[in-house]
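Peer 1: My structure is in start.cif, and what it holds is mmCIF, C-alpha atoms and all ligand atoms:
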```cif
data_target
loop_
_atom_site.label_atom_id
_atom_site.label_comp_id
_atom_site.auth_asym_id
_atom_site.auth_seq_id
_atom_site.Cartn_x
_atom_site.Cartn_y
_atom_site.Cartn_z
CA MET Y 1 241.59 -3.63 213.14
CA SER Y 2 240.00 -2.44 216.31
CA THR Y 3 237.26 -0.32 214.94
CA SER Y 4 235.40 0.32 218.14
CA SER Y 5 238.37 1.66 220.04
CA THR Y 6 239.33 3.70 217.01
CA GLN Y 7 236.00 5.39 217.02
CA THR Y 8 236.07 5.93 220.73
CA SER Y 9 239.35 7.74 220.69
CA ALA Y 10 238.46 9.80 217.67
CA VAL Y 11 235.33 10.98 219.38
CA ALA Y 12 237.18 11.66 222.57
CA LEU Y 13 239.19 14.37 220.87
CA SER Y 14 237.37 17.63 221.29
CA ARG Y 15 236.43 19.80 218.35
CA ARG Y 16 239.11 22.28 219.27
CA ASP Y 17 241.72 19.55 219.39
CA ALA Y 18 240.55 18.28 216.04
CA ILE Y 19 241.02 21.69 214.52
CA THR Y 20 244.47 21.89 216.00
CA LEU Y 21 245.17 18.52 214.49
CA ALA Y 22 244.09 19.59 211.07
CA ALA Y 23 246.15 22.73 211.23
CA LEU Y 24 249.10 20.73 212.34
CA GLY Y 25 248.73 18.06 209.74
CA ALA Y 26 252.36 18.56 209.10
CA ALA Y 27 253.25 17.56 212.53
CA ALA Y 28 251.66 14.27 212.07
CA ALA Y 29 252.64 12.32 214.99
CA ALA Y 30 252.51 15.49 216.56
CA LEU Y 31 249.26 16.41 217.57
CA PRO Y 32 249.50 18.80 219.77
CA THR Y 33 250.07 21.70 221.40
CA LEU Y 34 247.44 20.48 223.73
CA ALA Y 35 249.76 20.94 226.60
CA LEU Y 36 252.66 22.37 224.81
CA GLY Y 37 253.96 25.26 226.49
CA GLN Y 38 257.16 25.05 228.15
CA SER Y 39 259.43 27.34 229.70
CA GLY Y 40 260.85 28.23 226.39
CA SER Y 41 260.13 31.06 224.18
CA ALA Y 42 256.95 32.38 225.65
CA GLN Y 43 258.54 32.93 229.01
CA ALA Y 44 261.95 33.94 227.86
CA GLY Y 45 263.21 37.24 229.05
CA LYS Y 46 261.01 37.66 232.08
CA GLY Y 47 261.19 36.30 235.56
CA ALA Y 48 258.25 35.17 237.63
CA SER Y 49 257.66 38.71 238.75
CA GLY Y 50 257.68 40.05 235.22
CA ALA Y 51 261.01 41.69 235.87
CA PRO Y 52 263.70 41.51 233.21
CA SER Y 53 265.66 38.28 233.44
CA GLY Y 54 269.25 38.02 234.39
CA ALA Y 55 270.65 37.22 237.75
CA ALA Y 56 267.18 37.31 239.28
CA SER Y 57 265.73 34.46 237.25
CA LEU Y 58 266.64 30.95 236.20
CA GLU Y 59 263.90 30.85 233.59
CA GLY Y 60 264.50 31.03 229.86
CA PRO Y 61 264.93 28.89 226.79
CA GLN Y 62 266.50 25.47 227.13
CA PRO Y 63 270.18 25.39 226.19
CA ALA Y 64 271.48 23.53 223.20
CA ASP Y 65 271.14 19.79 223.53
CA PHE Y 66 273.60 17.51 221.86
CA ALA Y 67 275.61 14.59 223.15
CA ARG Y 68 278.65 13.05 221.52
CA LEU Y 69 279.14 9.33 221.70
CA LYS Y 70 281.07 6.45 220.20
CA ILE Y 71 279.58 3.28 218.85
CA GLY Y 72 282.57 1.00 218.65
CA GLU Y 73 284.81 2.69 216.11
CA LEU Y 74 282.16 5.10 214.83
CA THR Y 75 281.71 8.63 216.11
CA ALA Y 76 278.21 9.94 216.53
CA VAL Y 77 276.21 12.79 218.02
CA LEU Y 78 272.73 12.69 219.45
CA LEU Y 79 270.89 15.90 218.59
CA SER Y 80 267.68 17.21 220.09
CA ASP Y 81 264.94 18.64 217.93
CA GLY Y 82 263.21 19.63 221.14
CA PHE Y 83 260.18 18.03 222.70
CA GLY Y 84 256.42 18.06 222.63
CA LYS Y 85 253.81 17.11 225.18
CA LEU Y 86 250.89 14.78 224.54
CA GLY Y 87 247.93 15.12 226.79
CA PRO Y 88 245.49 14.27 228.12
CA ILE Y 89 247.40 10.99 228.02
CA GLY Y 90 244.21 8.96 227.53
CA GLN Y 91 243.46 10.74 224.26
CA PHE Y 92 246.71 9.51 222.74
CA PHE Y 93 248.03 6.49 224.60
CA ALA Y 94 246.57 3.04 225.16
CA PRO Y 95 243.10 3.58 223.70
CA GLU Y 96 242.38 -0.08 224.43
CA ALA Y 97 243.06 0.31 228.17
CA THR Y 98 240.78 1.47 230.95
CA ALA Y 99 241.78 4.72 232.63
CA ALA Y 100 242.28 2.83 235.88
CA ASP Y 101 244.68 0.33 234.31
CA ARG Y 102 246.61 3.07 232.55
CA ASP Y 103 246.84 5.20 235.69
CA ARG Y 104 248.04 2.21 237.70
CA VAL Y 105 250.96 1.62 235.35
CA LEU Y 106 251.84 5.33 235.26
CA THR Y 107 251.61 5.71 239.03
CA LYS Y 108 253.91 2.75 239.63
CA ALA Y 109 256.57 4.53 237.54
CA HIS Y 110 255.98 7.95 239.16
CA HIS Y 111 254.87 9.25 235.77
CA PRO Y 112 252.38 12.17 235.57
CA LEU Y 113 248.83 11.03 234.88
CA ASP Y 114 247.88 13.94 232.65
CA VAL Y 115 250.60 14.63 230.09
CA ALA Y 116 253.53 12.76 228.57
CA THR Y 117 256.71 14.47 227.36
CA VAL Y 118 257.77 13.20 223.97
CA GLU Y 119 261.35 13.99 223.03
CA LEU Y 120 262.69 14.18 219.49
CA ASN Y 121 266.17 12.61 219.51
CA ILE Y 122 268.08 12.41 216.25
CA LEU Y 123 271.24 10.40 215.67
CA CYS Y 124 274.01 11.78 213.46
CA LEU Y 125 276.66 9.27 212.38
CA GLN Y 126 280.03 9.74 210.73
CA ILE Y 127 280.73 6.73 208.50
CA GLY Y 128 283.92 7.35 206.56
CA SER Y 129 283.30 10.44 204.48
CA GLU Y 130 279.53 10.11 204.84
CA ARG Y 131 277.60 12.01 207.48
CA VAL Y 132 274.20 10.51 208.07
CA LEU Y 133 271.14 11.53 210.06
CA ILE Y 134 268.53 9.03 211.15
CA ASP Y 135 265.32 11.01 210.70
CA ALA Y 136 265.14 14.73 210.07
CA GLY Y 137 263.12 16.18 212.94
CA SER Y 138 259.84 18.07 212.99
CA GLY Y 139 260.78 21.39 211.46
CA GLY Y 140 258.96 22.95 214.41
CA GLY Y 141 255.64 21.33 213.51
CA MET Y 142 255.01 20.20 217.07
CA GLY Y 143 255.03 23.70 218.48
CA PRO Y 144 257.47 26.25 219.90
CA THR Y 145 259.50 23.74 221.89
CA THR Y 146 260.37 21.84 218.70
CA GLY Y 147 262.31 22.59 215.53
CA ARG Y 148 265.64 22.96 217.29
CA LEU Y 149 267.59 20.44 215.25
CA ILE Y 150 269.49 22.91 213.12
CA ASP Y 151 270.43 25.14 216.06
CA ASN Y 152 271.70 22.11 217.94
CA MET Y 153 273.58 20.82 214.91
CA ARG Y 154 275.33 24.15 214.57
CA ALA Y 155 276.11 24.16 218.29
CA ALA Y 156 277.73 20.75 217.80
CA GLY Y 157 279.73 22.03 214.79
CA ILE Y 158 277.65 20.17 212.20
CA ALA Y 159 276.68 22.21 209.14
CA PRO Y 160 273.41 21.11 207.47
CA GLU Y 161 275.32 21.18 204.16
CA SER Y 162 277.69 18.51 205.48
CA ILE Y 163 274.91 15.93 205.77
CA THR Y 164 275.18 13.42 202.90
CA GLY Y 165 272.34 11.09 203.85
CA VAL Y 166 269.10 10.96 205.81
CA VAL Y 167 267.70 7.54 206.63
CA TYR Y 168 264.06 7.53 207.72
CA THR Y 169 262.39 5.25 210.25
CA HIS Y 170 259.07 6.39 208.77
CA LEU Y 171 257.49 9.48 207.23
CA HIS Y 172 255.35 11.05 209.97
CA GLY Y 173 255.86 14.80 210.20
CA ASP Y 174 258.01 14.72 213.33
CA HIS Y 175 260.56 12.62 211.41
CA LEU Y 176 260.34 14.07 207.88
CA ALA Y 177 259.18 17.69 208.03
CA GLY Y 178 262.56 18.91 209.29
CA ALA Y 179 264.08 18.09 205.91
CA VAL Y 180 262.05 20.75 204.09
CA ARG Y 181 261.56 24.46 204.77
CA ALA Y 182 258.19 26.17 204.51
CA ASP Y 183 259.15 27.51 201.07
CA GLY Y 184 259.82 23.96 199.84
CA SER Y 185 263.61 24.26 199.81
CA GLN Y 186 265.78 21.45 201.13
CA VAL Y 187 267.39 21.83 204.57
CA PHE Y 188 270.10 19.28 203.71
CA PRO Y 189 270.97 20.19 200.11
CA ASN Y 190 273.71 17.57 199.74
CA ALA Y 191 271.82 14.63 201.23
CA ARG Y 192 270.26 11.59 199.65
CA HIS Y 193 267.07 10.49 201.41
CA PHE Y 194 266.62 6.76 202.10
CA ILE Y 195 263.04 5.57 202.46
CA VAL Y 196 261.69 2.02 202.80
CA LYS Y 197 259.63 0.99 199.78
CA ALA Y 198 256.49 0.02 201.70
CA GLU Y 199 256.54 3.35 203.54
CA TYR Y 200 256.93 5.39 200.37
CA GLU Y 201 254.23 3.47 198.56
CA TYR Y 202 251.79 3.79 201.46
CA TRP Y 203 252.02 7.56 201.79
CA THR Y 204 251.96 8.18 198.06
CA GLY Y 205 249.05 5.79 197.53
CA ASN Y 206 245.54 6.89 196.78
CA PRO Y 207 243.67 6.76 199.03
CA VAL Y 208 245.89 6.43 202.10
CA ASP Y 209 244.04 4.02 204.40
CA MET Y 210 244.15 5.29 207.99
CA ARG Y 211 241.05 3.52 209.32
CA ASP Y 212 242.90 1.88 212.18
CA THR Y 213 244.29 5.12 213.60
CA GLY Y 214 242.43 7.12 216.22
CA LEU Y 215 242.88 10.34 214.28
CA PRO Y 216 239.91 12.49 213.24
CA PRO Y 217 239.36 12.56 209.46
CA GLU Y 218 240.58 16.14 209.03
CA ALA Y 219 243.81 15.32 210.81
CA ARG Y 220 244.34 12.35 208.53
CA SER Y 221 244.00 14.36 205.35
CA GLY Y 222 246.22 17.15 206.71
CA MET Y 223 248.87 14.63 207.61
CA VAL Y 224 248.81 12.97 204.20
CA ALA Y 225 248.93 16.30 202.33
CA SER Y 226 251.89 17.47 204.36
CA ILE Y 227 253.86 14.26 203.92
CA GLN Y 228 253.22 14.25 200.17
CA LYS Y 229 254.29 17.89 199.90
CA ASN Y 230 257.53 17.18 201.76
CA LEU Y 231 258.23 14.09 199.67
CA ALA Y 232 257.73 16.12 196.51
CA ALA Y 233 260.30 18.65 197.75
CA ILE Y 234 263.03 15.97 198.05
CA LYS Y 235 261.84 13.85 195.14
CA ASP Y 236 265.05 13.99 193.12
CA LYS Y 237 267.11 12.78 196.09
CA ILE Y 238 265.00 9.84 197.28
CA GLU Y 239 266.49 6.35 197.25
CA ILE Y 240 264.11 3.47 197.85
CA VAL Y 241 265.41 0.73 200.13
CA ALA Y 242 264.06 -2.46 201.72
CA PRO Y 243 264.39 -4.32 205.03
CA GLY Y 244 267.58 -6.39 205.03
CA ASP Y 245 269.43 -3.81 202.94
CA LYS Y 246 272.55 -2.19 204.29
CA VAL Y 247 273.19 1.46 203.60
CA PHE Y 248 276.49 3.33 203.94
CA PRO Y 249 276.99 0.19 204.50
CA ARG Y 250 276.99 -0.04 208.28
CA ILE Y 251 273.30 0.70 208.74
CA GLN Y 252 271.12 -2.38 208.40
CA ILE Y 253 267.40 -1.94 207.88
CA ILE Y 254 265.08 -4.00 210.09
CA ALA Y 255 261.35 -4.28 209.35
CA THR Y 256 259.33 -3.10 212.34
CA HIS Y 257 256.15 -2.29 210.45
CA GLY Y 258 252.84 -1.39 212.04
CA HIS Y 259 253.12 2.11 213.47
CA THR Y 260 253.25 2.87 209.77
CA PRO Y 261 253.26 0.25 207.00
CA GLY Y 262 256.95 0.63 206.23
CA HIS Y 263 258.21 1.63 209.68
CA ALA Y 264 261.83 0.53 210.08
CA SER Y 265 264.42 0.25 212.82
CA TYR Y 266 268.16 0.18 212.23
CA MET Y 267 271.15 -1.74 213.50
CA ILE Y 268 274.35 0.28 213.37
CA ASP Y 269 277.52 -1.76 213.06
CA GLY Y 270 280.30 0.01 214.89
CA GLY Y 271 282.64 -2.97 214.68
CA SER Y 272 283.16 -3.85 218.34
CA GLU Y 273 279.75 -2.49 219.29
CA GLN Y 274 276.26 -2.36 217.82
CA LEU Y 275 273.58 0.25 218.31
CA ALA Y 276 269.90 -0.34 217.59
CA VAL Y 277 268.00 2.75 216.48
CA LEU Y 278 264.28 2.66 217.16
CA GLY Y 279 261.89 5.08 215.60
CA ASP Y 280 258.37 4.96 216.95
CA LEU Y 281 258.26 1.51 218.49
CA ALA Y 282 257.75 3.40 221.76
CA HIS Y 283 256.37 6.87 222.52
CA SER Y 284 256.42 6.46 226.30
CA HIS Y 285 259.26 5.10 228.40
CA VAL Y 286 256.63 3.73 230.76
CA LEU Y 287 253.54 2.58 228.88
CA ALA Y 288 255.14 1.01 225.80
CA PHE Y 289 257.46 -1.07 227.93
CA ALA Y 290 255.21 -2.13 230.82
CA ARG Y 291 252.38 -2.88 228.41
CA PRO Y 292 253.77 -3.44 224.90
CA ASP Y 293 250.28 -4.52 223.82
CA TRP Y 294 248.99 -0.97 224.33
CA THR Y 295 249.08 1.24 221.25
CA ILE Y 296 249.04 4.94 220.39
CA ILE Y 297 246.37 6.58 218.24
CA PHE Y 298 248.86 7.26 215.43
CA ASP Y 299 249.41 3.55 214.75
CA VAL Y 300 248.27 2.70 211.23
CA ASP Y 301 248.02 -1.05 211.99
CA ARG Y 302 247.74 -1.55 215.74
CA LYS Y 303 248.04 -5.31 215.70
CA GLN Y 304 251.18 -5.26 213.61
CA ALA Y 305 252.63 -2.40 215.68
CA VAL Y 306 252.25 -4.49 218.83
CA ALA Y 307 253.79 -7.55 217.17
CA SER Y 308 256.77 -5.52 215.91
CA ARG Y 309 257.32 -3.91 219.31
CA LYS Y 310 257.26 -7.24 221.11
CA ALA Y 311 259.56 -8.92 218.59
CA MET Y 312 262.12 -6.12 218.74
CA PHE Y 313 261.94 -5.74 222.53
CA ASP Y 314 262.39 -9.50 222.85
CA ARG Y 315 265.48 -9.42 220.69
CA LEU Y 316 266.97 -6.35 222.37
CA SER Y 317 266.31 -7.56 225.92
CA SER Y 318 267.89 -10.93 225.08
CA ASP Y 319 271.10 -9.57 223.59
CA GLY Y 320 271.43 -6.38 225.66
CA THR Y 321 272.13 -4.18 222.64
CA LEU Y 322 272.51 -0.47 223.25
CA VAL Y 323 269.51 1.44 221.91
CA ALA Y 324 268.95 4.99 220.65
CA ALA Y 325 265.23 5.74 220.68
CA TYR Y 326 263.62 8.74 219.05
CA HIS Y 327 260.96 9.58 221.61
CA MET Y 328 262.56 8.42 224.89
CA PRO Y 329 263.68 10.93 227.54
CA TRP Y 330 266.64 12.93 226.25
CA PRO Y 331 269.07 11.83 224.90
CA GLY Y 332 267.20 8.58 224.32
CA LEU Y 333 270.06 6.19 224.96
CA GLY Y 334 269.26 3.00 226.88
CA ARG Y 335 268.56 -0.69 226.87
CA VAL Y 336 265.45 -2.81 226.94
CA ALA Y 337 265.11 -5.19 229.89
CA ARG Y 338 262.45 -7.75 230.67
CA GLU Y 339 260.24 -7.05 233.65
CA GLY Y 340 257.25 -9.13 234.68
CA GLU Y 341 254.98 -9.70 231.72
CA GLY Y 342 256.51 -6.78 229.87
CA TYR Y 343 259.70 -4.78 229.64
CA ARG Y 344 261.50 -1.83 231.19
CA TRP Y 345 263.50 1.05 229.67
CA ASP Y 346 266.92 1.25 231.36
CA ILE Y 347 268.72 4.53 230.76
CA ALA Y 348 272.32 4.14 229.57
CA PRO Y 349 274.95 6.74 230.40
CA THR Y 350 275.67 8.97 227.45
CA ARG Y 351 279.17 9.89 228.57
CA ARG Y 352 281.16 6.76 228.00
ZN ZN Y 401 257.48 9.98 215.99
#
```
Step by step, read the file and then write its structure as structure tokens.
Ligand SMILES: [Zn+2]
Peer 2:
Amino acid sequence: MSTSSTQTSAVALSRRDAITLAALGAAAAALPTLALGQSGSAQAGKGASGAPSGAASLEGPQPADFARLKIGELTAVLLSDGFGKLGPIGQFFAPEATAADRDRVLTKAHHPLDVATVELNILCLQIGSERVLIDAGSGGGMGPTTGRLIDNMRAAGIAPESITGVVYTHLHGDHLAGAVRADGSQVFPNARHFIVKAEYEYWTGNPVDMRDTGLPPEARSGMVASIQKNLAAIKDKIEIVAPGDKVFPRIQIIATHGHTPGHASYMIDGGSEQLAVLGDLAHSHVLAFARPDWTIIFDVDRKQAVASRKAMFDRLSSDGTLVAAYHMPWPGLGRVAREGEGYRWDIAPTRR
């Protein structure tokens, strides 16, 4: 527990932000719209001068984002659900750091000091006749630049009906909400949903203890209500699993608890090659690596989140395993390397 920093960051969120948070409960890890806005929809169709787009303008919605890859003998596709922006950075990241320390780390990496882009990268795996997603996207809960998973799946030739399994790193809205439409119907009607026991029990518990997060109370209750509603919508398809289990059976579950109580990472066995899939062990390709002891306000147990991040980064930097990471710059493929007292995110080529 770090009660004092928790309170500080909760207070630092303005009333307006808090309201946004409550409204977005669904988006969970999602806060905000604070700086959302991208080129996308709002600007589409008009150039800088307000003239109709076409040859005169390069503005407009982002194109479909998907990237095919092979993991040993397995075929896979990385799919974008879009991206959100979290800012001011200090209201979300490293609540235990001074602004000067945080800015120093960001400046060294040429990272903006105000806002961080948080991508939503989803892995789709073909394992025999099974087609499996790791996490289900946000369903658009992080604003107009998100909720693109289904469009990008279709662009890649993947019908939502062809998905036979969804394996969750954890249940925050940006990982779960994409599985359920606003009317409660299932987006992947033929999928079983695999959830780690500790994660399921935490979010369906009463009350859900979120004292260690930096979220305002109304955001906490909105988040819990949304997660419970989405879980209810897929109830008949949920399969409870545990760290150490193998599903499908090439996906091994690794306990990386802390961000949430049942947060899991996965090791994909492609035969000649392995791929580690990280959920929310890192939300910034700069801060989480340079200073793995710095947290994010969504962490349910900050101390455990830090311990899990360090343990996994240690392992991955020692063995050089290829990594697919949910929130890293698109398409989120890279490796973890040691650097100084911390680590570094090394981008790996997607076209291999
Ligand atoms: Zn997340």
Peer 1: Enumerate, in order of chain and increasing residue number, the residues of chain Y with an atom no farther than 12 Å from ligand ZN 401 (chain Y), each with its shortest atom pair and distance in Å to one decimal, counting only C-alpha atoms and all ligand atoms, as JSON lines.
Peer 2:
```
{"residue": "Y:Ala27", "atom": "CA", "partner": "Y:ZN401", "partner_atom": "ZN", "distance": 9.3}
{"residue": "Y:Ala28", "atom": "CA", "partner": "Y:ZN401", "partner_atom": "ZN", "distance": 8.2}
{"residue": "Y:Ala29", "atom": "CA", "partner": "Y:ZN401", "partner_atom": "ZN", "distance": 5.5}
{"residue": "Y:Ala30", "atom": "CA", "partner": "Y:ZN401", "partner_atom": "ZN", "distance": 7.4}
{"residue": "Y:Leu31", "atom": "CA", "partner": "Y:ZN401", "partner_atom": "ZN", "distance": 10.6}
{"residue": "Y:Asp81", "atom": "CA", "partner": "Y:ZN401", "partner_atom": "ZN", "distance": 11.6}
{"residue": "Y:Phe83", "atom": "CA", "partner": "Y:ZN401", "partner_atom": "ZN", "distance": 10.8}
{"residue": "Y:Gly84", "atom": "CA", "partner": "Y:ZN401", "partner_atom": "ZN", "distance": 10.5}
{"residue": "Y:Leu86", "atom": "CA", "partner": "Y:ZN401", "partner_atom": "ZN", "distance": 11.8}
{"residue": "Y:Val118", "atom": "CA", "partner": "Y:ZN401", "partner_atom": "ZN", "distance": 8.6}
{"residue": "Y:Glu119", "atom": "CA", "partner": "Y:ZN401", "partner_atom": "ZN", "distance": 9.0}
{"residue": "Y:Leu120", "atom": "CA", "partner": "Y:ZN401", "partner_atom": "ZN", "distance": 7.6}
{"residue": "Y:Asn121", "atom": "CA", "partner": "Y:ZN401", "partner_atom": "ZN", "distance": 9.7}
{"residue": "Y:Ile122", "atom": "CA", "partner": "Y:ZN401", "partner_atom": "ZN", "distance": 10.9}
{"residue": "Y:Asp135", "atom": "CA", "partner": "Y:ZN401", "partner_atom": "ZN", "distance": 9.5}
{"residue": "Y:Ala136", "atom": "CA", "partner": "Y:ZN401", "partner_atom": "ZN", "distance": 10.8}
{"residue": "Y:Gly137", "atom": "CA", "partner": "Y:ZN401", "partner_atom": "ZN", "distance": 8.9}
{"residue": "Y:Ser138", "atom": "CA", "partner": "Y:ZN401", "partner_atom": "ZN", "distance": 8.9}
{"residue": "Y:Gly141", "atom": "CA", "partner": "Y:ZN401", "partner_atom": "ZN", "distance": 11.8}
{"residue": "Y:Met142", "atom": "CA", "partner": "Y:ZN401", "partner_atom": "ZN", "distance": 10.6}
{"residue": "Y:Tyr168", "atom": "CA", "partner": "Y:ZN401", "partner_atom": "ZN", "distance": 10.8}
{"residue": "Y:Thr169", "atom": "CA", "partner": "Y:ZN401", "partner_atom": "ZN", "distance": 8.9}
{"residue": "Y:His170", "atom": "CA", "partner": "Y:ZN401", "partner_atom": "ZN", "distance": 8.2}
{"residue": "Y:Leu171", "atom": "CA", "partner": "Y:ZN401", "partner_atom": "ZN", "distance": 8.8}
{"residue": "Y:His172", "atom": "CA", "partner": "Y:ZN401", "partner_atom": "ZN", "distance": 6.5}
{"residue": "Y:Gly173", "atom": "CA", "partner": "Y:ZN401", "partner_atom": "ZN", "distance": 7.7}
{"residue": "Y:Asp174", "atom": "CA", "partner": "Y:ZN401", "partner_atom": "ZN", "distance": 5.5}
{"residue": "Y:His175", "atom": "CA", "partner": "Y:ZN401", "partner_atom": "ZN", "distance": 6.1}
{"residue": "Y:Leu176", "atom": "CA", "partner": "Y:ZN401", "partner_atom": "ZN", "distance": 9.5}
{"residue": "Y:Ala177", "atom": "CA", "partner": "Y:ZN401", "partner_atom": "ZN", "distance": 11.2}
{"residue": "Y:His259", "atom": "CA", "partner": "Y:ZN401", "partner_atom": "ZN", "distance": 9.3}
{"residue": "Y:Thr260", "atom": "CA", "partner": "Y:ZN401", "partner_atom": "ZN", "distance": 10.4}
{"residue": "Y:His263", "atom": "CA", "partner": "Y:ZN401", "partner_atom": "ZN", "distance": 10.5}
{"residue": "Y:Ala264", "atom": "CA", "partner": "Y:ZN401", "partner_atom": "ZN", "distance": 12.0}
{"residue": "Y:Leu278", "atom": "CA", "partner": "Y:ZN401", "partner_atom": "ZN", "distance": 10.1}
{"residue": "Y:Gly279", "atom": "CA", "partner": "Y:ZN401", "partner_atom": "ZN", "distance": 6.6}
{"residue": "Y:Asp280", "atom": "CA", "partner": "Y:ZN401", "partner_atom": "ZN", "distance": 5.2}
{"residue": "Y:Leu281", "atom": "CA", "partner": "Y:ZN401", "partner_atom": "ZN", "distance": 8.9}
{"residue": "Y:Ala282", "atom": "CA", "partner": "Y:ZN401", "partner_atom": "ZN", "distance": 8.8}
{"residue": "Y:His283", "atom": "CA", "partner": "Y:ZN401", "partner_atom": "ZN", "distance": 7.3}
{"residue": "Y:Ser284", "atom": "CA", "partner": "Y:ZN401", "partner_atom": "ZN", "distance": 10.9}
{"residue": "Y:Ile296", "atom": "CA", "partner": "Y:ZN401", "partner_atom": "ZN", "distance": 10.8}
{"residue": "Y:Ile297", "atom": "CA", "partner": "Y:ZN401", "partner_atom": "ZN", "distance": 11.8}
{"residue": "Y:Phe298", "atom": "CA", "partner": "Y:ZN401", "partner_atom": "ZN", "distance": 9.1}
{"residue": "Y:Asp299", "atom": "CA", "partner": "Y:ZN401", "partner_atom": "ZN", "distance": 10.4}
{"residue": "Y:Ala325", "atom": "CA", "partner": "Y:ZN401", "partner_atom": "ZN", "distance": 10.0}
{"residue": "Y:Tyr326", "atom": "CA", "partner": "Y:ZN401", "partner_atom": "ZN", "distance": 7.0}
{"residue": "Y:His327", "atom": "CA", "partner": "Y:ZN401", "partner_atom": "ZN", "distance": 6.6}
{"residue": "Y:Met328", "atom": "CA", "partner": "Y:ZN401", "partner_atom": "ZN", "distance": 10.4}
```
Peer 1: Which value, in Å to one decimal, gives the distance between CA of Ala116 in chain Y and CA of Glu96 in chain Y?
Peer 2: 17.5 Å
Peer 1: Using only C-alpha atoms, which residue out of Y:Asp245, Y:Ala232, Y:Leu58, Y:Phe289 lies closest to Ala109 in chain Y?
Peer 2: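 Selected residue with least distance to Ala109 in chain Y: Y:Phe289.
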Peer 1: I'd like the interatomic distance between CA of Gly72 in chain Y and CA of Asp269 in chain Y, to a tenth of an Å.
Peer 2: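 So the two atoms, CA of Gly72 in chain Y and CA of Asp269 in chain Y, lie 8.0 Å apart.
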Peer 1: Kindly give the distance, in Å, that separates CA of Thr75 in chain Y and CA of Leu125 in chain Y, rounded to a single decimal.
Peer 2: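 Separation of CA of Thr75 in chain Y and CA of Leu125 in chain Y: 6.3 Å.
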Peer 1: Between Y:Leu275, Y:Glu201, Y:Arg104, Y:Asp314, which one has atoms that come closest to Ala348 in chain Y, using all atoms listed in the file?
Peer 2: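 Looking at the shortest contact to Ala348 in chain Y, the residue is Y:Leu275.
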Peer 1: Taking 3 positions as the minimum chain separation for residues in the same chain, which residues sit within 12 Å of Asp151 in chain Y when counting only C-alpha atoms? Answer as number ranges by chain.
Peer 2: Y: 62-66, 79-82, 137, 139-140, 146-148, 154-160
Peer 1: Just C-alpha atoms for this one: save the residues we selected as a PDB file, in the frame of the given file.
Peer 2:
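Output file selection.pdb follows:
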```
ATOM      1  CA  GLN Y  62     266.500  25.470 227.130  1.00  0.00           C
ATOM      2  CA  PRO Y  63     270.180  25.390 226.190  1.00  0.00           C
ATOM      3  CA  ALA Y  64     271.480  23.530 223.200  1.00  0.00           C
ATOM      4  CA  ASP Y  65     271.140  19.790 223.530  1.00  0.00           C
ATOM      5  CA  PHE Y  66     273.600  17.510 221.860  1.00  0.00           C
ATOM      6  CA  LEU Y  79     270.890  15.900 218.590  1.00  0.00           C
ATOM      7  CA  SER Y  80     267.680  17.210 220.090  1.00  0.00           C
ATOM      8  CA  ASP Y  81     264.940  18.640 217.930  1.00  0.00           C
ATOM      9  CA  GLY Y  82     263.210  19.630 221.140  1.00  0.00           C
ATOM     10  CA  GLY Y 137     263.120  16.180 212.940  1.00  0.00           C
ATOM     11  CA  GLY Y 139     260.780  21.390 211.460  1.00  0.00           C
ATOM     12  CA  GLY Y 140     258.960  22.950 214.410  1.00  0.00           C
ATOM     13  CA  THR Y 146     260.370  21.840 218.700  1.00  0.00           C
ATOM     14  CA  GLY Y 147     262.310  22.590 215.530  1.00  0.00           C
ATOM     15  CA  ARG Y 148     265.640  22.960 217.290  1.00  0.00           C
ATOM     16  CA  ARG Y 154     275.330  24.150 214.570  1.00  0.00           C
ATOM     17  CA  ALA Y 155     276.110  24.160 218.290  1.00  0.00           C
ATOM     18  CA  ALA Y 156     277.730  20.750 217.800  1.00  0.00           C
ATOM     19  CA  GLY Y 157     279.730  22.030 214.790  1.00  0.00           C
ATOM     20  CA  ILE Y 158     277.650  20.170 212.200  1.00  0.00           C
ATOM     21  CA  ALA Y 159     276.680  22.210 209.140  1.00  0.00           C
ATOM     22  CA  PRO Y 160     273.410  21.110 207.470  1.00  0.00           C
TER      23      PRO Y 160
END
```
Peer 1: Which of these residues is nearest to Val306 in chain Y, using all atoms listed in the file: Y:Pro216, Y:Pro292, Y:Gly334, Y:Gly271?
Peer 2: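 Selected residue with least distance to Val306 in chain Y: Y:Pro292.
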